[in-house]
$ cat coords-v5.txt   # compact mmCIF, C-alpha atoms and all ligand atoms
# COMPACT_ATOMS: atom_id res chain seq x y z
CA MET I 1 -23.48 220.18 18.67
CA LYS I 2 -25.88 217.64 20.12
CA LEU I 3 -28.28 218.17 17.23
CA THR I 4 -25.56 217.69 14.65
CA ALA I 5 -24.53 214.41 16.28
CA LEU I 6 -28.13 213.22 16.25
CA ALA I 7 -28.51 214.20 12.61
CA ALA I 8 -25.35 212.30 11.78
CA VAL I 9 -26.59 209.20 13.59
CA SER I 10 -29.93 209.24 11.80
CA ALA I 11 -28.21 209.84 8.47
CA VAL I 12 -26.12 206.71 9.09
CA ALA I 13 -29.18 204.78 10.22
CA LEU I 14 -31.08 205.76 7.09
CA SER I 15 -28.19 204.97 4.80
CA TYR I 16 -28.15 201.46 6.25
CA GLY I 17 -31.80 201.14 5.39
CA MET I 18 -32.92 201.34 8.98
CA SER I 19 -36.00 203.31 9.78
CA ALA I 20 -35.61 206.39 11.93
CA SER I 21 -38.70 205.45 13.96
CA ALA I 22 -38.55 202.41 16.20
CA GLY I 23 -42.29 201.70 16.43
CA PRO I 24 -43.81 198.44 15.19
CA GLU I 25 -44.70 198.53 11.51
CA ALA I 26 -46.19 196.08 9.07
CA GLU I 27 -47.05 195.89 5.43
CA VAL I 28 -49.97 193.48 5.31
CA LEU I 29 -50.99 191.57 2.18
CA HIS I 30 -54.59 190.31 2.21
CA TRP I 31 -57.58 189.86 -0.10
CA TRP I 32 -60.31 191.24 2.14
CA THR I 33 -61.82 193.89 -0.09
CA SER I 34 -65.61 193.29 -0.12
CA GLY I 35 -67.86 195.31 2.21
CA GLY I 36 -67.97 192.74 5.01
CA GLU I 37 -64.31 191.81 4.60
CA ALA I 38 -63.10 195.42 4.65
CA LYS I 39 -65.08 196.06 7.84
CA SER I 40 -63.41 193.04 9.40
CA VAL I 41 -59.83 193.86 8.47
CA ALA I 42 -60.41 197.41 9.74
CA VAL I 43 -60.76 195.88 13.22
CA LEU I 44 -57.20 194.58 13.00
CA GLN I 45 -55.88 197.84 11.57
CA GLN I 46 -57.47 199.73 14.44
CA GLU I 47 -56.10 197.42 17.14
CA PHE I 48 -52.65 197.61 15.54
CA ALA I 49 -52.78 201.41 15.48
CA ASP I 50 -54.09 201.56 19.07
CA ASN I 51 -51.01 199.61 20.11
CA GLY I 52 -48.62 201.99 18.37
CA GLY I 53 -48.32 200.10 15.08
CA ALA I 54 -47.99 201.69 11.64
CA TRP I 55 -49.94 199.61 9.07
CA THR I 56 -49.27 199.72 5.35
CA ASP I 57 -52.17 198.13 3.56
CA MET I 58 -51.60 195.83 0.58
CA PRO I 59 -55.05 194.61 -0.45
CA VAL I 60 -55.20 192.46 -3.58
CA ALA I 61 -58.81 192.11 -4.71
CA GLY I 62 -60.09 188.72 -5.81
CA GLY I 63 -62.22 186.33 -3.76
CA GLY I 64 -60.54 183.12 -2.67
CA GLY I 65 -57.13 184.80 -2.84
CA ASP I 66 -55.75 183.56 -6.18
CA ALA I 67 -54.68 187.05 -7.23
CA ALA I 68 -53.21 187.74 -3.80
CA MET I 69 -51.10 184.59 -4.01
CA THR I 70 -49.80 185.61 -7.44
CA ALA I 71 -48.85 189.02 -6.03
CA LEU I 72 -47.13 187.34 -3.08
CA ARG I 73 -45.03 185.15 -5.35
CA ALA I 74 -43.88 188.19 -7.33
CA ARG I 75 -42.91 190.07 -4.15
CA VAL I 76 -40.98 187.16 -2.66
CA LEU I 77 -39.19 186.43 -5.95
CA SER I 78 -38.06 190.04 -6.16
CA GLY I 79 -36.59 189.74 -2.65
CA ASN I 80 -39.10 192.14 -1.12
CA ALA I 81 -41.59 190.05 0.85
CA PRO I 82 -44.43 191.80 2.70
CA THR I 83 -44.20 191.74 6.50
CA ALA I 84 -47.39 189.75 7.09
CA VAL I 85 -49.47 187.76 4.65
CA GLN I 86 -52.95 186.22 4.71
CA LEU I 87 -51.95 182.63 4.06
CA LYS I 88 -53.51 179.32 5.00
CA GLY I 89 -53.43 175.55 5.00
CA PRO I 90 -50.68 173.64 3.20
CA ALA I 91 -49.53 176.86 1.49
CA ILE I 92 -48.04 177.85 4.84
CA GLN I 93 -45.90 174.71 4.77
CA GLU I 94 -45.00 175.28 1.12
CA TRP I 95 -43.63 178.76 1.90
CA TYR I 96 -41.90 177.43 5.00
CA GLU I 97 -40.09 174.91 2.83
CA GLU I 98 -38.87 177.82 0.70
CA GLY I 99 -37.16 179.10 3.84
CA VAL I 100 -38.87 182.49 3.79
CA LEU I 101 -41.10 182.43 6.89
CA ALA I 102 -40.34 183.96 10.27
CA ASP I 103 -40.61 181.89 13.45
CA ILE I 104 -43.28 183.35 15.77
CA SER I 105 -42.91 180.69 18.47
CA SER I 106 -41.86 183.20 21.14
CA VAL I 107 -45.19 185.08 20.75
CA ALA I 108 -47.17 181.83 20.68
CA GLU I 109 -45.47 180.54 23.80
CA ALA I 110 -45.71 183.81 25.72
CA ASN I 111 -49.43 183.92 24.99
CA GLY I 112 -50.23 180.24 25.60
CA TRP I 113 -51.62 179.52 22.10
CA ASP I 114 -51.35 175.78 22.67
CA LYS I 115 -53.88 176.07 25.49
CA VAL I 116 -56.49 178.11 23.63
CA LEU I 117 -56.39 176.64 20.10
CA PRO I 118 -57.84 173.24 19.12
CA ASP I 119 -55.17 170.78 18.01
CA ALA I 120 -56.57 170.57 14.48
CA ILE I 121 -56.12 174.33 14.02
CA ALA I 122 -52.77 174.54 15.81
CA GLY I 123 -51.50 171.77 13.51
CA HIS I 124 -51.92 174.02 10.46
CA MET I 125 -50.00 176.82 12.22
CA LYS I 126 -46.88 174.83 13.00
CA CYS I 127 -43.95 174.07 10.75
CA GLU I 128 -41.71 171.28 11.99
CA GLY I 129 -42.84 171.98 15.53
CA SER I 130 -42.34 175.76 15.53
CA TRP I 131 -45.17 178.28 15.11
CA CYS I 132 -45.21 179.79 11.63
CA ALA I 133 -48.73 181.29 11.40
CA ALA I 134 -51.43 182.85 13.55
CA PRO I 135 -55.07 181.76 13.07
CA VAL I 136 -57.85 184.31 12.80
CA ASN I 137 -61.06 182.30 12.57
CA VAL I 138 -62.93 179.25 11.38
CA HIS I 139 -65.03 179.75 8.28
CA ARG I 140 -67.48 177.02 7.30
CA ILE I 141 -67.84 176.36 3.57
CA ASP I 142 -70.87 174.06 3.30
CA TRP I 143 -73.65 176.61 3.72
CA ILE I 144 -76.74 177.55 1.75
CA TRP I 145 -77.88 181.17 2.16
CA GLY I 146 -81.48 181.95 1.29
CA ASN I 147 -83.64 185.03 0.86
CA ALA I 148 -86.39 184.63 3.50
CA ASP I 149 -89.09 186.64 1.67
CA VAL I 150 -88.54 184.98 -1.69
CA LEU I 151 -88.73 181.52 -0.15
CA LYS I 152 -91.83 182.36 1.86
CA ALA I 153 -93.59 183.88 -1.13
CA ASN I 154 -92.96 180.69 -3.07
CA GLY I 155 -93.83 178.29 -0.27
CA ILE I 156 -90.31 176.89 -0.04
CA GLU I 157 -88.40 175.77 3.05
CA MET I 158 -84.61 175.73 3.23
CA PRO I 159 -83.65 172.38 1.62
CA THR I 160 -82.33 169.51 3.71
CA THR I 161 -81.65 167.06 0.88
CA TRP I 162 -80.29 167.58 -2.63
CA ASP I 163 -83.62 166.35 -4.03
CA GLU I 164 -85.37 169.07 -2.06
CA PHE I 165 -82.83 171.58 -3.33
CA ASN I 166 -83.51 170.52 -6.92
CA ALA I 167 -87.28 170.61 -6.44
CA ALA I 168 -87.07 174.10 -4.89
CA ALA I 169 -84.83 175.28 -7.74
CA GLU I 170 -87.27 174.02 -10.41
CA LYS I 171 -90.15 175.75 -8.66
CA LEU I 172 -88.24 179.03 -8.36
CA ALA I 173 -87.12 178.92 -11.98
CA ALA I 174 -90.76 178.40 -13.06
CA ALA I 175 -91.64 181.51 -11.02
CA GLY I 176 -88.99 183.53 -12.86
CA ILE I 177 -86.49 183.71 -9.97
CA THR I 178 -82.85 182.72 -10.39
CA PRO I 179 -82.53 179.71 -8.09
CA LEU I 180 -78.77 179.92 -7.51
CA ALA I 181 -76.73 183.13 -7.31
CA HIS I 182 -73.29 182.20 -8.56
CA GLY I 183 -70.19 183.82 -9.90
CA GLY I 184 -68.41 181.89 -12.62
CA GLN I 185 -64.89 182.05 -11.22
CA ALA I 186 -62.92 178.84 -10.77
CA TRP I 187 -62.79 179.07 -6.96
CA GLN I 188 -66.56 179.64 -6.72
CA ASP I 189 -67.23 176.62 -8.95
CA ALA I 190 -64.94 174.64 -6.64
CA THR I 191 -66.80 175.91 -3.57
CA VAL I 192 -70.16 174.65 -4.87
CA PHE I 193 -68.54 171.43 -6.07
CA GLU I 194 -67.05 170.52 -2.72
CA ALA I 195 -70.33 171.18 -0.90
CA VAL I 196 -72.13 168.90 -3.37
CA ALA I 197 -69.33 166.33 -3.09
CA LEU I 198 -69.49 166.26 0.71
CA GLY I 199 -73.24 165.73 0.54
CA LEU I 200 -73.24 162.99 -2.07
CA LEU I 201 -70.03 161.18 -1.18
CA GLY I 202 -70.36 161.39 2.61
CA ALA I 203 -67.53 162.40 4.93
CA GLU I 204 -65.45 159.25 4.59
CA ASP I 205 -65.34 159.24 0.81
CA PHE I 206 -64.84 163.00 0.72
CA ARG I 207 -61.74 162.50 2.82
CA LYS I 208 -60.54 159.67 0.61
CA ALA I 209 -61.08 161.70 -2.57
CA PHE I 210 -60.00 165.22 -1.63
CA VAL I 211 -57.59 164.75 1.26
CA GLU I 212 -56.00 161.39 0.47
CA LEU I 213 -56.47 161.56 -3.34
CA ASP I 214 -57.55 157.92 -3.43
CA MET I 215 -57.93 156.93 -7.07
CA ASP I 216 -60.76 154.43 -6.59
CA THR I 217 -62.89 157.06 -4.89
CA LEU I 218 -62.02 159.72 -7.45
CA LYS I 219 -63.15 157.32 -10.21
CA SER I 220 -66.21 155.97 -8.38
CA ASP I 221 -69.84 155.99 -9.50
CA LYS I 222 -70.57 158.28 -6.58
CA MET I 223 -68.22 160.84 -8.15
CA VAL I 224 -70.19 160.54 -11.40
CA ALA I 225 -73.29 161.44 -9.36
CA VAL I 226 -71.49 164.50 -7.98
CA PHE I 227 -70.88 165.77 -11.52
CA ASP I 228 -74.51 164.95 -12.43
CA GLN I 229 -75.61 167.27 -9.62
CA MET I 230 -73.13 169.93 -10.79
CA ARG I 231 -74.75 169.76 -14.25
CA LYS I 232 -78.07 170.48 -12.55
CA MET I 233 -76.54 173.37 -10.61
CA ARG I 234 -75.33 174.85 -13.91
CA GLY I 235 -78.94 174.96 -15.01
CA TYR I 236 -79.95 176.93 -11.89
CA VAL I 237 -77.66 179.94 -12.43
CA ASP I 238 -78.54 183.00 -14.49
CA ASP I 239 -77.13 183.80 -17.94
CA ASN I 240 -74.74 186.48 -16.66
CA PHE I 241 -72.95 184.37 -14.07
CA SER I 242 -69.60 184.27 -15.83
CA GLY I 243 -66.83 186.12 -13.97
CA ARG I 244 -69.18 187.63 -11.36
CA ASP I 245 -67.60 188.36 -7.96
CA TRP I 246 -68.97 186.35 -5.03
CA ASN I 247 -70.22 189.42 -3.16
CA LEU I 248 -72.29 190.48 -6.17
CA ALA I 249 -73.85 187.02 -6.11
CA THR I 250 -74.61 187.55 -2.40
CA ALA I 251 -76.23 190.87 -3.33
CA MET I 252 -78.53 189.01 -5.75
CA VAL I 253 -79.83 186.97 -2.81
CA MET I 254 -80.15 190.11 -0.68
CA ASN I 255 -82.24 191.96 -3.23
CA GLY I 256 -84.41 188.98 -4.11
CA GLU I 257 -83.13 188.51 -7.64
CA ALA I 258 -81.96 185.04 -6.63
CA ALA I 259 -83.11 182.67 -3.88
CA PHE I 260 -79.96 180.79 -2.80
CA GLN I 261 -76.20 181.03 -2.72
CA ILE I 262 -73.81 178.24 -1.75
CA MET I 263 -70.83 179.99 -0.21
CA GLY I 264 -68.65 180.09 2.89
CA ASP I 265 -69.86 182.23 5.76
CA TRP I 266 -67.98 185.33 4.64
CA ALA I 267 -71.27 185.71 2.73
CA LYS I 268 -72.91 186.25 6.12
CA GLY I 269 -70.40 189.05 6.75
CA GLU I 270 -71.75 190.66 3.59
CA PHE I 271 -75.40 190.31 4.65
CA LEU I 272 -74.56 191.76 8.07
CA ALA I 273 -72.58 194.68 6.64
CA ALA I 274 -75.69 195.53 4.60
CA GLY I 275 -77.78 195.56 7.79
CA LYS I 276 -79.60 192.29 7.06
CA VAL I 277 -80.78 190.16 9.95
CA PRO I 278 -80.28 186.38 10.06
CA GLY I 279 -83.51 184.41 10.51
CA GLN I 280 -85.46 187.43 9.32
CA ASP I 281 -84.03 188.72 6.03
CA PHE I 282 -81.80 185.79 5.21
CA LEU I 283 -81.63 182.16 6.27
CA CYS I 284 -78.68 179.82 6.73
CA VAL I 285 -78.62 176.06 6.65
CA SER I 286 -75.76 173.66 6.08
CA THR I 287 -75.74 172.03 2.66
CA PRO I 288 -77.45 168.61 2.65
CA GLY I 289 -75.43 165.73 4.09
CA GLU I 290 -73.14 165.10 7.04
CA GLY I 291 -69.91 166.83 7.99
CA PHE I 292 -68.33 170.26 8.20
CA LEU I 293 -65.86 171.76 5.73
CA TYR I 294 -63.55 174.14 7.55
CA ASN I 295 -61.43 176.97 6.25
CA VAL I 296 -59.15 178.69 8.75
CA ASP I 297 -57.80 182.11 7.79
CA SER I 298 -54.38 182.83 9.17
CA PHE I 299 -51.42 185.16 8.79
CA ALA I 300 -47.84 184.11 8.25
CA MET I 301 -44.94 186.46 8.88
CA PHE I 302 -42.22 186.62 6.25
CA ASP I 303 -38.54 186.82 7.02
CA VAL I 304 -37.81 190.55 6.80
CA SER I 305 -35.08 192.70 8.29
CA GLY I 306 -35.49 195.73 10.54
CA ASP I 307 -36.38 195.83 14.23
CA ASP I 308 -39.54 197.84 13.59
CA LYS I 309 -40.84 195.23 11.16
CA LYS I 310 -40.01 192.40 13.53
CA ALA I 311 -41.76 194.28 16.32
CA GLY I 312 -44.71 194.72 13.94
CA GLN I 313 -44.84 190.98 13.29
CA ASP I 314 -44.80 190.15 16.98
CA LEU I 315 -47.50 192.70 17.75
CA LEU I 316 -49.71 191.55 14.88
CA ALA I 317 -49.38 187.89 15.84
CA LYS I 318 -50.23 188.67 19.45
CA LEU I 319 -53.28 190.77 18.53
CA ILE I 320 -54.61 188.27 15.99
CA VAL I 321 -54.93 185.50 18.54
CA GLY I 322 -56.07 187.92 21.26
CA GLN I 323 -59.48 187.26 22.80
CA ASN I 324 -61.03 190.62 22.00
CA PHE I 325 -59.88 190.67 18.41
CA GLN I 326 -61.13 187.12 17.82
CA LYS I 327 -64.58 188.19 19.00
CA VAL I 328 -64.95 191.53 17.23
CA PHE I 329 -63.33 190.46 13.98
CA ASN I 330 -65.43 187.32 13.67
CA LEU I 331 -68.67 189.11 14.51
CA ASN I 332 -68.00 191.10 11.34
CA LYS I 333 -66.45 188.41 9.20
CA GLY I 334 -69.21 185.80 9.49
CA SER I 335 -66.85 183.17 10.89
CA ILE I 336 -66.38 181.88 14.43
CA PRO I 337 -63.29 182.40 16.61
CA ALA I 338 -60.37 179.99 16.32
CA ARG I 339 -59.84 180.28 20.09
CA VAL I 340 -61.96 177.99 22.20
CA ASP I 341 -62.38 180.45 25.08
CA VAL I 342 -64.28 183.26 23.36
CA ALA I 343 -67.89 183.56 24.55
CA LEU I 344 -70.39 183.33 21.68
CA ASP I 345 -73.23 185.24 23.41
CA GLU I 346 -73.05 188.13 20.96
CA PHE I 347 -72.92 185.84 17.92
CA ASP I 348 -76.00 185.04 15.81
CA SER I 349 -77.81 181.74 15.27
CA CYS I 350 -75.78 180.80 12.16
CA ALA I 351 -72.55 181.12 14.17
CA HIS I 352 -74.06 179.02 16.96
CA THR I 353 -75.00 176.32 14.44
CA SER I 354 -71.48 176.46 13.07
CA ALA I 355 -69.85 176.08 16.49
CA LYS I 356 -72.11 173.20 17.47
CA ASP I 357 -71.74 171.37 14.15
CA MET I 358 -67.98 171.81 14.29
CA THR I 359 -67.79 170.15 17.70
CA ASP I 360 -70.19 167.38 16.70
CA SER I 361 -68.42 166.65 13.42
CA SER I 362 -65.05 166.72 15.15
CA ASN I 363 -66.33 164.11 17.62
CA GLY I 364 -67.90 162.09 14.82
CA GLY I 365 -64.89 162.16 12.50
CA SER I 366 -66.55 164.26 9.80
CA LEU I 367 -64.70 167.55 10.37
CA LEU I 368 -62.91 168.02 7.06
CA PRO I 369 -60.58 170.57 5.50
CA SER I 370 -61.88 172.51 2.52
CA TYR I 371 -60.04 171.59 -0.65
CA ALA I 372 -61.51 174.57 -2.54
CA HIS I 373 -60.10 177.02 0.00
CA GLY I 374 -56.62 175.61 0.23
CA MET I 375 -56.92 173.68 3.48
CA ALA I 376 -56.63 170.09 2.26
CA LEU I 377 -54.14 169.89 -0.57
CA ARG I 378 -51.06 171.52 -1.95
CA GLY I 379 -51.59 174.11 -4.66
CA ALA I 380 -50.77 171.88 -7.63
CA GLN I 381 -53.25 169.18 -6.68
CA ALA I 382 -56.06 171.52 -5.68
CA GLY I 383 -55.53 173.43 -8.92
CA ALA I 384 -55.68 170.23 -10.99
CA ILE I 385 -59.06 169.33 -9.47
CA THR I 386 -60.50 172.82 -9.85
CA ASP I 387 -59.49 172.95 -13.53
CA VAL I 388 -61.66 169.88 -14.17
CA VAL I 389 -64.57 171.18 -12.11
CA THR I 390 -64.56 174.44 -14.05
CA ALA I 391 -64.09 172.79 -17.44
CA HIS I 392 -67.10 170.56 -16.72
CA PHE I 393 -69.26 173.41 -15.37
CA ASN I 394 -68.61 175.56 -18.43
CA SER I 395 -69.17 172.98 -21.15
CA ASP I 396 -71.45 170.07 -21.97
CA MET I 397 -68.87 167.52 -20.84
CA SER I 398 -70.48 164.29 -19.58
CA SER I 399 -70.08 163.29 -15.95
CA ALA I 400 -68.25 160.12 -17.00
CA ASP I 401 -65.72 162.15 -18.99
CA ALA I 402 -65.31 164.58 -16.11
CA VAL I 403 -64.51 161.75 -13.71
CA LYS I 404 -61.95 160.30 -16.09
CA MET I 405 -60.38 163.74 -16.55
CA LEU I 406 -60.38 164.23 -12.77
CA ALA I 407 -58.50 161.00 -12.12
CA ASP I 408 -55.96 161.79 -14.88
CA ALA I 409 -55.45 165.35 -13.67
CA VAL I 410 -54.84 164.24 -10.10
CA ALA I 411 -52.50 161.43 -11.19
CA ASN I 412 -50.47 163.91 -13.27
CA SER I 413 -50.23 166.39 -10.40
CA LEU I 414 -48.68 163.94 -7.94
C1 LIG T 1 -61.11 183.33 2.67
C2 LIG T 1 -62.12 184.28 3.27
C3 LIG T 1 -62.56 185.26 2.22
C4 LIG T 1 -63.07 184.51 0.99
C5 LIG T 1 -63.56 185.40 -0.12
C6 LIG T 1 -61.68 182.69 1.42
O1 LIG T 1 -60.73 181.85 0.83
O2 LIG T 1 -60.78 182.33 3.58
O3 LIG T 1 -61.56 184.96 4.37
O4 LIG T 1 -63.54 186.12 2.75
O5 LIG T 1 -62.04 183.70 0.48
O6 LIG T 1 -62.60 186.29 -0.53

$ encode --input "coords-v5.txt" --output "structure tokens"
Amino acid sequence: MKLTALAAVSAVALSYGMSASAGPEAEVLHWWTSGGEAKSVAVLQQEFADNGGAWTDMPVAGGGGDAAMTALRARVLSGNAPTAVQLKGPAIQEWYEEGVLADISSVAEANGWDKVLPDAIAGHMKCEGSWCAAPVNVHRIDWIWGNADVLKANGIEMPTTWDEFNAAAEKLAAAGITPLAHGGQAWQDATVFEAVALGLLGAEDFRKAFVELDMDTLKSDKMVAVFDQMRKMRGYVDDNFSGRDWNLATAMVMNGEAAFQIMGDWAKGEFLAAGKVPGQDFLCVSTPGEGFLYNVDSFAMFDVSGDDKKAGQDLLAKLIVGQNFQKVFNLNKGSIPARVDVALDEFDSCAHTSAKDMTDSSNGGSLLPSYAHGMALRGAQAGAITDVVTAHFNSDMSSADAVKMLADAVANSL
């Protein structure tokens, strides 16, 4: 009798689309599929499982997340949004404006996020005052990674000016080594471009150009010089660069086929996952010039129904900003914690440099959002800039024409 009643209740529950189990569950869309990235996301999966959560993985391969964002759009349009999504910068606000994000303020307040997150990071996580995303880390974009043995064998130090970089590249090329490991994908071109732009424009003009979209700066002679340097960079990559994934470019530096890579510090996650030691096997130095380009990974929760999914969202949000997770995840990912109260003792020298430079540049006004990684601009504007960068990199377009095209593209995207 009792059993029959129970069966009837669960039959009703299931027919209303409710799950029979009441545990927290989450379908998580992310683009962390390389060796180092997969190791990092496994930390979150494990913590979620340890706390009774059931995780359904939705990885969408493709560095920089373009493919993941296309998949997200398709899911939301079909009325079937994933529970939690790797989402960052102004894209969080764009989805909020669509009315499809869940409010996670109760978790943020219960766990005192305002007290442990820097204002600059918290600002990206709030939508009209309520919390709409949970930050995972701070990745730095403006890094050069170098193969220690290759550089030593060729008598080359890590470059501290773009002239030094160019001189090193010429020397390496003459010795038959690919100077710059690069994958010809639009977001990787944009990554190199913004590091060059920060160096040659300086922090103030970078902000004017790629945060404020100031036309005079976009059309300036300094911007012509940025494209001149990009033309040089094009000459430093190998013939097979087109379409190559970023982690394969990192592997070229690891195995000595190439000397340098300009890439965010998820590249360090890749070196570490392969057992390489910073300062010994590989070297890190910020790209020449002042400033710090930040890229904060975060997760937004989508408006879904079902108590188990809502419980999953709350649990995920709580774990993501938790002290232990922020340490272990970032040790693997190559980034530094978003929380200010995580001890960095176990982190390597590149992470220490990152933390120090972030504080210094924040104090000096040169802490800047990465445009190439969706932290500075809305999708349409960032896309318009990247289209020009890629068109220039993959043709013999002059720098003057590229600058003109850049200004037109930005003007049309506003
Ligand atoms: C993300 C990183 C990721 C990288 C390569 C960046 O946009 O912020 O977390 O590792 O893309 O996929």

$ residues_near_ligand --input "coords-v5.txt" --ligand "ligand LIG 1 (chain T)" --cutoff "7 Å" --atoms "only C-alpha atoms and all ligand atoms" --output "list in words"
Trp31, Trp32, Glu37, Gly62, Gly63, Gly64, Gly65, His139, Trp266, Asn295, Val296, Asp297 and His373 of chain I

$ atom_distance --input "coords-v5.txt" --atom1 "CA of Asp142 (chain I)" --atom2 "CA of Met263 (chain I)"
6.9 Å

$ closest_residue --input "coords-v5.txt" --among "I:Ser349, I:Ser220, I:Asn80, I:Gln313" --to "Ala400 (chain I)" --atoms "only C-alpha atoms"
I:Ser220

$ residues_around --input "coords-v5.txt" --residues "Phe193 (chain I)" --least-positions-apart "6" --cutoff "12 Å" --atoms "all atoms listed in the file" --output "VMD selection string"
chain I and resid 141 to 142 186 to 187 199 to 201 206 210 223 225 to 234 262 to 263 287 370 to 373 385 to 390 392 to 393

$ write_last_selection --input "coords-v5.txt" --atoms "C-alpha atoms" --output "JSON list (two decimals), keeping the file's coordinate frame"
[["chain", "number", "residue", "atom", "x", "y", "z"],
["I", 141, "ILE", "CA", -67.84, 176.36, 3.57],
["I", 142, "ASP", "CA", -70.87, 174.06, 3.30],
["I", 186, "ALA", "CA", -62.92, 178.84, -10.77],
["I", 187, "TRP", "CA", -62.79, 179.07, -6.96],
["I", 199, "GLY", "CA", -73.24, 165.73, 0.54],
["I", 200, "LEU", "CA", -73.24, 162.99, -2.07],
["I", 201, "LEU", "CA", -70.03, 161.18, -1.18],
["I", 206, "PHE", "CA", -64.84, 163.00, 0.72],
["I", 210, "PHE", "CA", -60.00, 165.22, -1.63],
["I", 223, "MET", "CA", -68.22, 160.84, -8.15],
["I", 225, "ALA", "CA", -73.29, 161.44, -9.36],
["I", 226, "VAL", "CA", -71.49, 164.50, -7.98],
["I", 227, "PHE", "CA", -70.88, 165.77, -11.52],
["I", 228, "ASP", "CA", -74.51, 164.95, -12.43],
["I", 229, "GLN", "CA", -75.61, 167.27, -9.62],
["I", 230, "MET", "CA", -73.13, 169.93, -10.79],
["I", 231, "ARG", "CA", -74.75, 169.76, -14.25],
["I", 232, "LYS", "CA", -78.07, 170.48, -12.55],
["I", 233, "MET", "CA", -76.54, 173.37, -10.61],
["I", 234, "ARG", "CA", -75.33, 174.85, -13.91],
["I", 262, "ILE", "CA", -73.81, 178.24, -1.75],
["I", 263, "MET", "CA", -70.83, 179.99, -0.21],
["I", 287, "THR", "CA", -75.74, 172.03, 2.66],
["I", 370, "SER", "CA", -61.88, 172.51, 2.52],
["I", 371, "TYR", "CA", -60.04, 171.59, -0.65],
["I", 372, "ALA", "CA", -61.51, 174.57, -2.54],
["I", 373, "HIS", "CA", -60.10, 177.02, 0.00],
["I", 385, "ILE", "CA", -59.06, 169.33, -9.47],
["I", 386, "THR", "CA", -60.50, 172.82, -9.85],
["I", 387, "ASP", "CA", -59.49, 172.95, -13.53],
["I", 388, "VAL", "CA", -61.66, 169.88, -14.17],
["I", 389, "VAL", "CA", -64.57, 171.18, -12.11],
["I", 390, "THR", "CA", -64.56, 174.44, -14.05],
["I", 392, "HIS", "CA", -67.10, 170.56, -16.72],
["I", 393, "PHE", "CA", -69.26, 173.41, -15.37]]

$ closest_residue --input "coords-v5.txt" --among "I:Trp55, I:Tyr294, I:Trp246, I:Phe282" --to "Asp308 (chain I)" --atoms "only C-alpha atoms"
I:Trp55

$ atom_distance --input "coords-v5.txt" --atom1 "CA of Asp57 (chain I)" --atom2 "CA of Glu27 (chain I)"
5.9 Å

$ decode --input "coords-v5.txt" --residues "region 228-239 of chain I" --atoms "N, CA and C atoms" --output "mmCIF file, in the first residue's frame"
data_model
loop_
_atom_site.group_PDB
_atom_site.id
_atom_site.type_symbol
_atom_site.label_atom_id
_atom_site.label_comp_id
_atom_site.auth_asym_id
_atom_site.auth_seq_id
_atom_site.Cartn_x
_atom_site.Cartn_y
_atom_site.Cartn_z
ATOM 1 N N ASP I 228 52.396 47.986 -37.616
ATOM 2 C CA ASP I 228 53.758 47.712 -38.138
ATOM 3 C C ASP I 228 54.388 46.550 -37.366
ATOM 4 N N GLN I 229 54.236 46.595 -36.035
ATOM 5 C CA GLN I 229 54.818 45.518 -35.217
ATOM 6 C C GLN I 229 54.095 44.190 -35.494
ATOM 7 N N MET I 230 52.781 44.262 -35.710
ATOM 8 C CA MET I 230 52.044 43.023 -36.033
ATOM 9 C C MET I 230 52.544 42.424 -37.347
ATOM 10 N N ARG I 231 52.912 43.286 -38.301
ATOM 11 C CA ARG I 231 53.459 42.773 -39.569
ATOM 12 C C ARG I 231 54.762 42.022 -39.299
ATOM 13 N N LYS I 232 55.559 42.579 -38.376
ATOM 14 C CA LYS I 232 56.799 41.878 -38.008
ATOM 15 C C LYS I 232 56.471 40.536 -37.367
ATOM 16 N N MET I 233 55.508 40.543 -36.458
ATOM 17 C CA MET I 233 55.132 39.299 -35.763
ATOM 18 C C MET I 233 54.738 38.221 -36.778
ATOM 19 N N ARG I 234 54.038 38.649 -37.813
ATOM 20 C CA ARG I 234 53.601 37.697 -38.860
ATOM 21 C C ARG I 234 54.800 36.991 -39.485
ATOM 22 N N GLY I 235 55.894 37.741 -39.572
ATOM 23 C CA GLY I 235 57.115 37.166 -40.139
ATOM 24 C C GLY I 235 57.820 36.205 -39.187
ATOM 25 N N TYR I 236 57.447 36.203 -37.919
ATOM 26 C CA TYR I 236 58.133 35.354 -36.930
ATOM 27 C C TYR I 236 57.432 34.017 -36.691
ATOM 28 N N VAL I 237 56.263 33.810 -37.315
ATOM 29 C CA VAL I 237 55.549 32.539 -37.100
ATOM 30 C C VAL I 237 55.916 31.548 -38.202
ATOM 31 N N ASP I 238 55.674 30.281 -37.953
ATOM 32 C CA ASP I 238 56.030 29.260 -38.954
ATOM 33 C C ASP I 238 54.978 29.201 -40.065
ATOM 34 N N ASP I 239 55.253 28.403 -41.098
ATOM 35 C CA ASP I 239 54.340 28.339 -42.246
ATOM 36 C C ASP I 239 53.017 27.637 -41.934
#
